[in-house]
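Down below is the structure, laid out as structure tokens.
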Amino acid sequence: MNEIFEFIRSLPPLLLFLGGGSVFFIIIFCLWRVIAFKRIKKILKSFNKDPDLTKTVLLNKYGAGALLRRSSIIEQQARILGLKLIRLIGMDTLWIGQLLKKKTRKHLLRVLEFAPDKGLFSCFFVCLKKRYLFIYFKKWLEKSTGGGLKLGNIAHSCRGERFDGKAGLALCNDKVDELRELTGDVEWNVRYFAINMLLHEKSIRVLRALWDSLTDPQPLIREIVITHFKPQEKEKFYNVLFQTVCDDPVYQVRARAWDRIQKEYRDLYHLEPRNFSAEQAFHILELLRPDNKQEQNFALTFLDHSNLELRFAAAQYLEKCGILNKLFLEVDFSDMQIFERNFSLLKKASEVNVTSFLACIANTQNRASLTIASSILVETGDVDFISILTRKVFAIYDGGKEMEQLYRATVRCVAERGTEEALFFYKYELEKRRMQKQVMSILLQMVPARAGFILYDILFAYFLQPFFEPKEQLRMALKKMPVPKVLSRCLEIIRAKQGRYQHIIRIEALKLLGELNLHYCLEIVLEHLPQLPLAEARTYSAVFSQYPRELVAAKIKKLFNTNDNRLRAALVTILPQIGHKELQQLVRDSLTDMDPDVRIASVWALVEFDDLKALNAAFEILRDPVKRVREQAAEAFGKAGSNANLDRLKNIVLDADEAADVKLAAIKGLACSGALKAIDVLLSLLDKCDDYTKQIIQALSAKKQTEELMHLIEGFRNGSPKQRQGVIAVIEQSGQAVEEPMLELLKQSTHSLKPYIAELLENTGLIESTIRKLKDRNPNIRQHAADILSLIGTHKAYRGLVFAARDPHEEVRVAVVKALERLNSEEGKLILKELRQDPDKKVRRYTVWALEKLKIKV
């Protein structure tokens, strides 16, 4: 271009003015063409010297369009320099592309001259579209091969391109034998070329070649034969197609075979479960149609298969045809069998990451469906579904037992896999459920550590509320929050001036600090232990088991030498959890400490150390001048529970010279004991200690466990009159607290104990209360009352039961008849006789009525 501009500048201005615009531009264009021609010719001439440099310069300077516009000069130079130039700069590809686009004689002849090897099939392909070009193509072939048309040359240049085989056969209809020979060529592209045309030939010899091609090693050949082959043997070809579907390793081939079956062989097609191999079943599952019920049932049989590949294919298909959505939505807790079945199938689908059915969460309020979703989303599925589920469940949960399982599972989903949006829903739920202790317990137990940046503020706000419940779960939640934040706030609360924080908050902060298990804060925790009441310190002492034992022991030894009585008492309390034997001596020495709290803590520590020898030596502490020390020591000795301790406590009570306060402490210790022997000791004391009968009965009233009640009843059966009266007094005093356990014992007891349990229950007022329930409006309550009276089975119980013989509710009357049937014994006959002779005329009348009902079985 520089030469052009120099030339223009050299022209006289007048010439430019007179020439006019059009002439001027024609001159400029011609000059530009000449210069461009010379430049590319110069570049091409350097080909023989440095081909690679020529290629680089040419391709950097000219794009594909520019090279095509210079085709004539490139042709000239190619005839001089050779065809290698064409291949090197890629002109063969450009010219073939231009031929396929324009389909003219000029472009055809150019490709045949300069790119015959690469473009021969493309020329043949263009001839199929423009039949008149075939004359030139055929002439060129005859000239280049020195004979007639050689299809082998064309076939070798084919690379599996799709072309109209029917049109090709029409052009080469005299070459069928040659085409048939080409079907046996070792090169797949040659076989493909020949078979694509022979598919439209009907001769018998060709048909055999086509049948053989159904098993050709090249999948492209198998595909075109399966797609276009139309043999007369319909059933035989169907079997080949179905076998291809089952066994061919190439998906496209199987898909073409499946399409042919569905379009042309529906009358022969019938899919049913049979002994398919895993691979065959997988191939079939890939191709099933969404709208076929038979195929849906076939896929369902593989949804719970142990082979995950088969399960995945089945799940994908069932997802595509909407079956998984139906399984998800069509469940209800009223039919648990269907619920469990659908849940199991959907769970199996989720195990292979097919979970799109969970999108239905957005359009359902079905509690059963939401329960399935929550159970699956805990482990897998799109986490965005968790936000949708959370919004729904948190909105509808009313705190009742029916939805608790769903609520727990949803909270767990958010905790383990929830998005940031879901975690904010978690925060709002913590705010909303502030006054619901049970719900807060669920939420706090599952607080995720990763949500600290969202939940820390609200959790600590609750921590500063003195009466917040549940405290323990709140501390567990705060342990998952960022430790630096929690640590600094705990230290601030513990070290704050008196009155800034309530004492209960200080206690909770100390507990939380200890539970953080920060070894570098152990000194702080130990020094502030006196803030805890001794009973709480004893429970809290388990925290120190997670600290290094030697470190804790060393610090306690140093702190024990201080003058702070409260600190020593607190330290003694935690010693058993540390389990360091050297520290046991500190406990023994503390039995004689000046401070009552230290002495109390020492006794309890010896119990927890299980140091029986030291306990036996410490019995003198029951005579401690401080009442609370005596009481706590007695309780500790009782809870230690050894036979020797219980005998010692008994002897103290029986000792005539012992002080009354010490005896009362010993009785309290027996009341606190969990050993069954303590009951025997207390019963024996009823015969010998009339002055303490009231306290002994009160001690026995503390025995409310099932085993203790059973032992007490056995004592009633075998005891002396005083002991029996004492047990009756215990039951009367316990009242409703022992009624349910004793009724359970009545159901389970041997025949020998039942009358004694029934006799004792008469003294609680249970029978009178139950008889009154026979007049309740609710038939379920009346039936339950009749069952209880029947279970007790005493005269007093039957006296009330016969009034239910005319109850309008059949189940109540049935209960009466069943109860009367039990009277078919010597003891029962005696009860019946008493009922017939009852002073109350109404009782006698209803007894007769009930017996008549018994005869006709209601």
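Each chain in the structure tokens gets a letter, A, B and so on, in the order shown; residues start at 1 in every chain, and ligands are counted from 1 in the order they appear.
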
What lies within 12 Å of Lys704 of chain A using only C-alpha atoms, ignoring chain neighbours under 4 positions off, as a list in words?
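What passes the distance filter is Ala671, Cys672, Gly674, Leu676, Ile679, Gln698, Ala699, Leu700, Glu708, Leu709, Met710, His711, Leu712, Ile713, Val730, Ile731, Gln733, Ser734, Gly735, Gln736, Ala737, Val738, Glu739, Glu740, Pro741 and Met742 of chain A.
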
Emit the selected residues as a CSV table (one decimal), in the first residue's frame, including N, CA, C and O atoms.
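What landed in out.csv:
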```csv
chain,number,residue,atom,x,y,z
A,671,ALA,N,-33.0,-44.2,104.2
A,671,ALA,CA,-34.0,-43.8,103.2
A,671,ALA,C,-33.3,-43.5,101.9
A,671,ALA,O,-33.8,-43.7,100.8
A,672,CYS,N,-32.0,-43.0,101.9
A,672,CYS,CA,-31.3,-42.6,100.7
A,672,CYS,C,-30.7,-43.8,100.0
A,672,CYS,O,-30.2,-43.7,98.9
A,674,GLY,N,-30.0,-47.1,98.0
A,674,GLY,CA,-30.7,-47.8,96.9
A,674,GLY,C,-30.7,-49.3,97.1
A,674,GLY,O,-31.2,-50.0,96.2
A,676,LEU,N,-31.7,-53.0,98.4
A,676,LEU,CA,-33.0,-53.6,98.9
A,676,LEU,C,-32.9,-53.9,100.4
A,676,LEU,O,-33.9,-54.0,101.1
A,679,ILE,N,-34.5,-51.7,102.9
A,679,ILE,CA,-36.0,-51.8,103.2
A,679,ILE,C,-36.1,-52.9,104.3
A,679,ILE,O,-37.0,-52.6,105.2
A,698,GLN,N,-41.8,-42.6,106.8
A,698,GLN,CA,-41.4,-41.6,105.8
A,698,GLN,C,-40.2,-42.0,105.0
A,698,GLN,O,-40.1,-41.8,103.8
A,699,ALA,N,-39.3,-42.7,105.6
A,699,ALA,CA,-38.1,-43.2,104.9
A,699,ALA,C,-38.5,-44.3,103.9
A,699,ALA,O,-38.0,-44.3,102.8
A,700,LEU,N,-39.4,-45.2,104.3
A,700,LEU,CA,-39.9,-46.2,103.4
A,700,LEU,C,-40.7,-45.6,102.2
A,700,LEU,O,-40.7,-46.2,101.1
A,708,GLU,N,-38.0,-51.9,94.4
A,708,GLU,CA,-38.2,-51.5,95.8
A,708,GLU,C,-39.7,-51.8,96.2
A,708,GLU,O,-39.9,-52.3,97.3
A,709,LEU,N,-40.6,-51.4,95.3
A,709,LEU,CA,-42.0,-51.7,95.7
A,709,LEU,C,-42.3,-53.2,95.8
A,709,LEU,O,-43.0,-53.7,96.7
A,710,MET,N,-41.7,-54.0,94.9
A,710,MET,CA,-41.9,-55.5,94.9
A,710,MET,C,-41.3,-56.0,96.3
A,710,MET,O,-41.9,-56.9,96.9
A,711,HIS,N,-40.2,-55.5,96.7
A,711,HIS,CA,-39.6,-56.0,97.9
A,711,HIS,C,-40.4,-55.5,99.1
A,711,HIS,O,-40.5,-56.3,100.1
A,712,LEU,N,-41.0,-54.4,99.0
A,712,LEU,CA,-41.8,-53.9,100.1
A,712,LEU,C,-43.1,-54.7,100.2
A,712,LEU,O,-43.6,-55.0,101.3
A,713,ILE,N,-43.7,-55.1,99.1
A,713,ILE,CA,-44.8,-56.0,99.1
A,713,ILE,C,-44.5,-57.4,99.7
A,713,ILE,O,-45.3,-57.9,100.4
A,730,VAL,N,-47.3,-46.7,104.5
A,730,VAL,CA,-46.4,-46.2,103.5
A,730,VAL,C,-47.2,-46.0,102.2
A,730,VAL,O,-47.1,-45.0,101.5
A,731,ILE,N,-48.0,-47.0,101.8
A,731,ILE,CA,-48.8,-46.9,100.6
A,731,ILE,C,-49.8,-45.8,100.6
A,731,ILE,O,-50.0,-45.1,99.6
A,733,GLN,N,-49.5,-43.1,102.4
A,733,GLN,CA,-48.8,-41.8,102.3
A,733,GLN,C,-48.3,-41.5,100.9
A,733,GLN,O,-48.3,-40.4,100.4
A,734,SER,N,-47.9,-42.6,100.2
A,734,SER,CA,-47.4,-42.4,98.8
A,734,SER,C,-48.5,-42.1,97.8
A,734,SER,O,-48.3,-41.3,96.9
A,735,GLY,N,-49.7,-42.7,98.1
A,735,GLY,CA,-50.9,-42.3,97.2
A,735,GLY,C,-50.7,-42.6,95.8
A,735,GLY,O,-50.2,-43.7,95.3
A,736,GLN,N,-51.1,-41.6,94.9
A,736,GLN,CA,-51.0,-41.8,93.5
A,736,GLN,C,-49.7,-42.1,92.9
A,736,GLN,O,-49.5,-42.7,91.9
A,737,ALA,N,-48.6,-41.7,93.7
A,737,ALA,CA,-47.3,-41.9,93.1
A,737,ALA,C,-46.9,-43.3,92.9
A,737,ALA,O,-46.1,-43.7,92.1
A,738,VAL,N,-47.6,-44.3,93.7
A,738,VAL,CA,-47.2,-45.7,93.6
A,738,VAL,C,-48.3,-46.5,92.9
A,738,VAL,O,-48.2,-47.7,92.7
A,739,GLU,N,-49.4,-45.8,92.5
A,739,GLU,CA,-50.6,-46.6,92.0
A,739,GLU,C,-50.2,-47.2,90.6
A,739,GLU,O,-50.5,-48.4,90.4
A,740,GLU,N,-49.7,-46.4,89.7
A,740,GLU,CA,-49.3,-47.0,88.4
A,740,GLU,C,-48.3,-48.1,88.4
A,740,GLU,O,-48.4,-49.1,87.8
A,741,PRO,N,-47.2,-47.9,89.2
A,741,PRO,CA,-46.2,-49.0,89.3
A,741,PRO,C,-46.8,-50.2,89.9
A,741,PRO,O,-46.4,-51.3,89.5
A,742,MET,N,-47.7,-50.0,90.9
A,742,MET,CA,-48.3,-51.2,91.5
A,742,MET,C,-49.2,-52.0,90.6
A,742,MET,O,-49.4,-53.2,90.6
```

Step one, run DSSP on the backbone; step two, keep only residues of segment 431-541 of chain A assigned to alpha helix (DSSP H); then write them as a ChimeraX atom specification.
/A:431-432,437-445,452-463,471-478,483-495,503-515,522-527,534-540

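Summary of the local environment: counting only C-alpha atoms, residues at most 8 Å from Leu210 of chain A, other than itself and those fewer than 5 positions away along its chain, are Ile195, Leu198, Leu199, Val225 and Phe229 of chain A.
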
For the selection just defined, write its residues with C-alpha atoms to a file, as a short mmCIF file (atom, residue, chain, number, x, y, z; two decimals), in the first residue's frame.
```
data_model
loop_
_atom_site.label_atom_id
_atom_site.label_comp_id
_atom_site.auth_asym_id
_atom_site.auth_seq_id
_atom_site.Cartn_x
_atom_site.Cartn_y
_atom_site.Cartn_z
CA ILE A 195 -22.77 -50.87 2.15
CA LEU A 198 -25.90 -51.57 -1.44
CA LEU A 199 -28.65 -51.07 1.17
CA VAL A 225 -27.52 -51.19 8.25
CA PHE A 229 -31.96 -52.48 6.02
#
```
